[in-house]
Structures are given as C-alpha cells and as structure tokens.
$ cat upload26.cif   # mmCIF, C-alpha atoms
data_entry
#
loop_
_atom_site.label_atom_id
_atom_site.label_comp_id
_atom_site.auth_asym_id
_atom_site.auth_seq_id
_atom_site.Cartn_x
_atom_site.Cartn_y
_atom_site.Cartn_z
CA MET A 1 101.71 66.97 112.22
CA ARG A 2 102.44 67.55 115.86
CA LYS A 3 102.24 71.12 117.22
CA ALA A 4 105.93 70.99 118.13
CA ASN A 5 106.88 70.17 114.52
CA LYS A 6 104.70 73.02 113.24
CA THR A 7 106.38 75.37 115.69
CA HIS A 8 109.84 74.27 114.60
CA VAL A 9 108.95 74.65 110.94
CA LEU A 10 107.50 78.12 111.58
CA PHE A 11 110.54 79.31 113.54
CA PHE A 12 112.93 77.94 110.94
CA SER A 13 110.92 79.55 108.14
CA ALA A 14 110.80 82.96 109.79
CA THR A 15 114.49 82.85 110.63
CA LEU A 16 115.40 81.63 107.15
CA LEU A 17 113.35 84.36 105.46
CA LEU A 18 114.84 87.06 107.64
CA GLY A 19 118.37 85.69 107.12
CA LEU A 20 117.96 85.45 103.36
CA GLY A 21 116.60 88.98 103.28
CA ILE A 22 119.57 90.30 105.22
CA ILE A 23 122.01 88.45 102.96
CA GLY A 24 120.26 89.80 99.88
CA VAL A 25 120.28 93.35 101.19
CA ASN A 26 123.95 93.16 102.09
CA ALA A 27 124.87 91.69 98.73
CA TYR A 28 122.84 94.03 96.55
CA ALA A 29 122.30 97.20 98.55
CA GLY A 30 123.01 100.08 96.27
CA ASN A 31 123.79 103.65 97.20
CA PRO A 32 120.40 105.19 98.11
CA HIS A 33 121.70 108.66 97.25
CA ASP A 34 122.17 107.87 93.55
CA THR A 35 118.45 108.02 92.78
CA GLY A 36 118.57 111.28 90.90
CA THR A 37 115.72 113.38 92.26
CA LEU A 38 114.97 114.77 95.69
CA VAL A 39 111.47 113.28 95.63
CA GLN A 40 112.83 109.80 95.00
CA GLN A 41 115.43 110.29 97.73
CA LYS A 42 112.74 111.33 100.21
CA GLU A 43 110.54 108.34 99.28
CA GLU A 44 113.46 105.96 99.74
CA VAL A 45 114.37 107.54 103.10
CA ASP A 46 110.73 107.16 104.21
CA LYS A 47 110.72 103.54 103.05
CA ALA A 48 114.07 102.90 104.73
CA GLU A 49 112.71 104.32 108.01
CA LEU A 50 109.58 102.20 107.63
CA LEU A 51 111.74 99.16 106.96
CA ALA A 52 113.78 99.82 110.12
CA LYS A 53 110.58 100.14 112.19
CA LEU A 54 109.12 96.97 110.70
CA GLU A 55 112.31 95.02 111.38
CA GLU A 56 112.33 96.23 114.98
CA GLU A 57 108.67 95.25 115.38
CA PHE A 58 109.39 91.88 113.74
CA GLU A 59 112.17 91.14 116.25
CA LYS A 60 109.86 91.98 119.17
CA GLU A 61 107.00 89.90 117.80
CA GLU A 62 109.29 86.99 116.98
CA GLU A 63 110.68 87.05 120.53
CA ALA A 64 107.13 87.07 121.90
CA LEU A 65 106.31 84.15 119.62
CA TYR A 66 109.27 82.16 120.96
CA GLN A 67 108.09 82.75 124.51
CA ASN A 68 104.39 82.05 124.02
CA TYR A 69 103.29 80.45 120.75
CA THR A 70 99.82 81.29 119.49
CA ASP A 71 98.40 80.98 115.99
CA GLU A 72 97.49 84.68 116.02
CA GLN A 73 101.05 85.65 116.97
CA ALA A 74 102.46 83.34 114.29
CA LYS A 75 100.24 84.97 111.64
CA LYS A 76 101.38 88.41 112.77
CA VAL A 77 105.06 87.42 112.51
CA LYS A 78 104.48 85.89 109.08
CA LYS A 79 102.68 89.04 107.88
CA LEU A 80 105.51 91.25 109.16
CA ALA A 81 108.10 89.06 107.42
CA TRP A 82 106.11 89.34 104.20
CA GLU A 83 105.90 93.16 104.48
CA ILE A 84 109.61 93.43 105.24
CA GLY A 85 110.45 91.27 102.24
CA LYS A 86 108.29 93.34 99.88
CA LEU A 87 109.76 96.60 101.16
CA ARG A 88 113.32 95.30 100.86
CA GLU A 89 112.62 94.20 97.32
CA GLU A 90 111.36 97.69 96.49
CA LEU A 91 114.32 99.43 98.10
CA TYR A 92 117.01 97.02 96.94
CA PRO A 93 116.01 95.26 93.71
CA VAL A 94 117.62 91.86 93.41
CA ASP A 95 119.10 90.26 90.32
CA PRO A 96 116.57 87.66 89.03
CA GLU A 97 119.16 84.87 89.14
CA GLU A 98 120.05 85.63 92.75
CA LYS A 99 116.37 85.89 93.67
CA LEU A 100 115.72 82.51 92.03
CA LYS A 101 118.65 80.93 93.86
CA SER A 102 117.44 82.37 97.16
CA GLN A 103 113.84 81.22 96.66
CA LEU A 104 114.98 77.83 95.45
CA PHE A 105 117.21 77.40 98.50
CA ALA A 106 114.37 78.29 100.89
CA PHE A 107 111.90 76.05 99.02
CA LYS A 108 114.40 73.19 99.11
CA GLN A 109 114.99 73.61 102.85
CA MET A 110 111.26 73.69 103.60
CA THR A 111 110.71 70.60 101.45
CA LEU A 112 113.46 68.76 103.32
CA ILE A 113 111.96 69.76 106.67
CA HIS A 114 108.53 68.63 105.54
CA GLU A 115 109.94 65.35 104.25
CA LYS A 116 111.82 64.77 107.49
CA ALA A 117 108.54 65.11 109.40
CA TYR A 118 107.33 62.01 107.53
CA LYS A 119 110.56 60.15 106.87
CA GLY A 120 112.75 61.24 109.79
CA GLU A 121 113.87 59.41 112.90
CA ASN A 122 110.84 60.12 115.12
CA VAL A 123 107.97 59.09 112.89
CA GLU A 124 106.65 56.05 114.70
CA SER A 125 103.13 57.50 114.65
CA VAL A 126 103.01 57.96 110.86
CA ASP A 127 100.80 55.45 109.07
CA PHE A 128 102.34 55.00 105.61
CA ASN A 129 99.20 53.20 104.42
CA ASP A 130 97.01 56.23 105.14
CA PRO A 131 95.88 57.79 101.82
CA GLU A 132 96.45 61.28 103.24
CA VAL A 133 100.06 60.47 104.13
CA ILE A 134 100.58 58.89 100.71
CA GLY A 135 99.25 62.08 99.11
CA ILE A 136 101.57 64.25 101.19
CA LEU A 137 104.56 62.12 100.27
CA GLU A 138 103.61 62.36 96.57
CA ARG A 139 103.44 66.17 96.82
CA ILE A 140 106.83 66.22 98.53
CA GLU A 141 108.19 64.15 95.65
CA LYS A 142 106.71 66.62 93.11
CA ARG A 143 108.37 69.48 94.99
CA LYS A 144 111.71 67.66 94.88
CA GLN A 145 111.31 67.10 91.12
CA LEU A 146 110.56 70.80 90.60
CA ILE A 147 113.66 71.74 92.59
CA GLU A 148 115.86 69.36 90.62
CA ARG A 149 114.51 70.55 87.25
CA ILE A 150 114.92 74.26 88.05
CA GLU A 151 118.41 73.69 89.47
CA ASN A 152 119.39 71.84 86.26
CA GLU A 153 117.95 74.54 84.03
CA LEU A 154 119.62 77.25 86.09
CA SER A 155 122.99 75.55 85.79
CA GLY A 156 122.47 74.97 82.05
CA ASN A 157 122.44 71.16 82.33
CA ALA A 158 118.84 70.69 81.25
CA LYS A 159 118.14 69.07 77.89
CA PHE A 160 115.25 71.37 76.99
CA GLY A 161 115.90 74.37 79.24
CA LYS A 162 118.63 76.03 77.21
CA GLY A 163 118.09 79.62 76.26
CA LYS A 164 115.86 80.53 79.20
CA SER A 165 116.79 83.68 81.06
CA ALA A 166 116.96 83.83 84.83
CA GLN A 167 113.83 85.98 84.80
CA GLN A 168 111.94 83.34 82.78
CA LEU A 169 113.09 80.58 85.12
CA LEU A 170 112.09 82.67 88.13
CA GLN A 171 108.60 83.23 86.74
CA GLU A 172 108.27 79.55 85.84
CA PHE A 173 109.43 78.48 89.29
CA GLU A 174 107.06 80.86 91.07
CA LYS A 175 104.13 79.72 88.92
CA GLU A 176 104.79 76.02 89.51
CA ARG A 177 105.48 76.54 93.20
CA MET A 178 102.15 78.33 93.56
CA ALA A 179 100.39 75.53 91.67
CA LEU A 180 101.89 72.99 94.08
CA ARG A 181 100.87 75.12 97.04
CA ASP A 182 97.33 75.48 95.69
CA ALA A 183 97.11 71.72 95.14
CA THR A 184 98.18 71.22 98.75
CA SER A 185 95.67 73.71 100.12
CA ASP A 186 92.88 72.14 98.06
CA THR A 187 93.39 68.86 99.88
CA GLY A 188 93.43 70.52 103.28
CA ASN A 189 97.14 69.97 104.02
#

$ encode --input "upload26.cif" --output "structure tokens"
Amino acid sequence: MRKANKTHVLFFSATLLLGLGIIGVNAYAGNPHDTGTLVQQKEEVDKAELLAKLEEEFEKEEEALYQNYTDEQAKKVKKLAWEIGKLREELYPVDPEEKLKSQLFAFKQMTLIHEKAYKGENVESVDFNDPEVIGILERIEKRKQLIERIENELSGNAKFGKGKSAQQLLQEFEKERMALRDATSDTGN
C-alpha cells in the first residue's frame, strides 16, 4: 500500500477512535461524585487529571504527526490513543451493547477503507492476479462477513444467534476480530 494511503488510514483511525471515545464519554459519563468513598473519589480525580493530561499530549502529538509523519510518531500517537481509551473505559464504564456498536462501527469503517485501497478508483497499480492481493481481498471478505453476522445477531435477525446477550456478542466479536488480525499479521500484511 502506498505511504499516502497508510497515512490517511492512520489519521482516520486516530480521529475515529478519539471521536468515538468522546461520544461514548458524553453519552455515558456518570456523576464522579457518586462513588461513595473519599478514596474512590480521590482515585477518580487523579485518573480524570491523568486523562486530561493524556488528551492534551495526544492533541500535541497528533498535530506533530500531521506536520511531519514518522513511524515513531505514529506509534506514539497510537499508544496514547490506546491509553486514553483504557482510562476512559475505567472512568466511564460503557454499556456492552453500546461498546459493541461502537467497535463494530469502527471495524466496519476500517474494513471499508482497506477495501477501497484495493477496489477504489485509484487502484491501477493493483495486480488482482497476485496471490498476496487475492489473500488480502479474501481477508477483507471475511471481515465483512463477521460484521454482517454480528450486526444480524445484535439486531435479533440471526437464525442461530437468539438468546445471546450483548456482553456475549461483544466477547465473540472481539475474539473473532483478534483471530482475523492474527491471521493477517501471520501473513505479513
């Protein structure tokens, strides 16, 4: 994939993750003063301060990344986004169904971006007879099938998915998504 496409995918991913995190926090932010004990309140205040510092650092690093892309800078931004997400999840637990919908949306968008890199308008240089490209397109198709199946089960339209809780679907989705990711990394893509 061209470096420009990788850069676009990275920027979109970072922005999407940050945006989804902000939406989730706004939708499910509880009252931090209802924790019960002073110790818990102090821990949450410390975590909230840490979260604010990390978000500020993330914005600076992301701006630096936009101005001068380097792999090291991209890894740093990705790591910060990961830390912010984990801390937000600790501070503001999300309903499993909403978390699943959010992850499914992001996974779907990334799959569409990846697919567009191989099936979009500017793909003259893609050799569709190359076994590596064929493998990538097959993995994209598997990702699309996973998305469709989880969406059907989540909406209750699946033939065999009835009775599964949102938490079970979330765990199943995360497990299968990781398996697809591992299969991709095993082939070097």

$ resolve_selection --input "upload26.cif" --expression "the PyMOL selection byres ((chain A and resi 54-71) around 8)" --output "count of residues only"
15

$ residues_around --input "upload26.cif" --residues "A:Glu97" --least-positions-apart "6" --cutoff "10 Å" --atoms "all atoms listed in the file" --output "ChimeraX atom specification"
/A:103,154,165-170

$ write_last_selection --input "upload26.cif" --atoms "C-alpha atoms" --output "PDB file, in the frame of the given file"
ATOM      1  CA  GLN A 103     113.840  81.220  96.660  1.00  0.00           C
ATOM      2  CA  LEU A 154     119.620  77.250  86.090  1.00  0.00           C
ATOM      3  CA  SER A 165     116.790  83.680  81.060  1.00  0.00           C
ATOM      4  CA  ALA A 166     116.960  83.830  84.830  1.00  0.00           C
ATOM      5  CA  GLN A 167     113.830  85.980  84.800  1.00  0.00           C
ATOM      6  CA  GLN A 168     111.940  83.340  82.780  1.00  0.00           C
ATOM      7  CA  LEU A 169     113.090  80.580  85.120  1.00  0.00           C
ATOM      8  CA  LEU A 170     112.090  82.670  88.130  1.00  0.00           C
TER       9      LEU A 170
END

$ closest_residue --input "upload26.cif" --among "A:Ala48, A:Met110, A:Ala179, A:Ile136" --to "A:Arg88" --atoms "all atoms listed in the file"
A:Ala48

$ atom_distance --input "upload26.cif" --atom1 "atom CA of A:Arg181" --atom2 "atom CA of A:Gly156"
26.3 Å

$ closest_residue --input "upload26.cif" --among "A:Glu141, A:Glu151, A:Glu49, A:Asp182" --to "A:Thr111" --atoms "all atoms listed in the file"
A:Glu141

$ residues_near_point --input "upload26.cif" --point "(116.2, 73.6, 99.2)" --cutoff "12 Å" --atoms "only C-alpha atoms" --output "PyMOL selection string"
chain A and resi 13+16+100-115+140+143-148+150-151

$ closest_residue --input "upload26.cif" --among "A:Leu137, A:Ser155, A:Lys142, A:Asp46" --to "A:Arg177" --atoms "only C-alpha atoms"
A:Lys142

$ atom_distance --input "upload26.cif" --atom1 "atom CA of A:Leu91" --atom2 "atom CA of A:Val45"
9.5 Å

$ atom_distance --input "upload26.cif" --atom1 "atom CA of A:Lys116" --atom2 "atom CA of A:Arg149"
21.2 Å

$ resolve_selection --input "upload26.cif" --expression "the PyMOL selection byres ((chain A and resi 133) around 12)" --output "tab-separated table (two decimals) with C-alpha atoms, in the coordinates of the input"
chain	number	residue	atom	x	y	z
A	1	MET	CA	101.71	66.97	112.22
A	114	HIS	CA	108.53	68.63	105.54
A	115	GLU	CA	109.94	65.35	104.25
A	117	ALA	CA	108.54	65.11	109.40
A	118	TYR	CA	107.33	62.01	107.53
A	119	LYS	CA	110.56	60.15	106.87
A	123	VAL	CA	107.97	59.09	112.89
A	125	SER	CA	103.13	57.50	114.65
A	126	VAL	CA	103.01	57.96	110.86
A	127	ASP	CA	100.80	55.45	109.07
A	128	PHE	CA	102.34	55.00	105.61
A	129	ASN	CA	99.20	53.20	104.42
A	130	ASP	CA	97.01	56.23	105.14
A	131	PRO	CA	95.88	57.79	101.82
A	132	GLU	CA	96.45	61.28	103.24
A	134	ILE	CA	100.58	58.89	100.71
A	135	GLY	CA	99.25	62.08	99.11
A	136	ILE	CA	101.57	64.25	101.19
A	137	LEU	CA	104.56	62.12	100.27
A	138	GLU	CA	103.61	62.36	96.57
A	139	ARG	CA	103.44	66.17	96.82
A	140	ILE	CA	106.83	66.22	98.53
A	187	THR	CA	93.39	68.86	99.88
A	189	ASN	CA	97.14	69.97	104.02
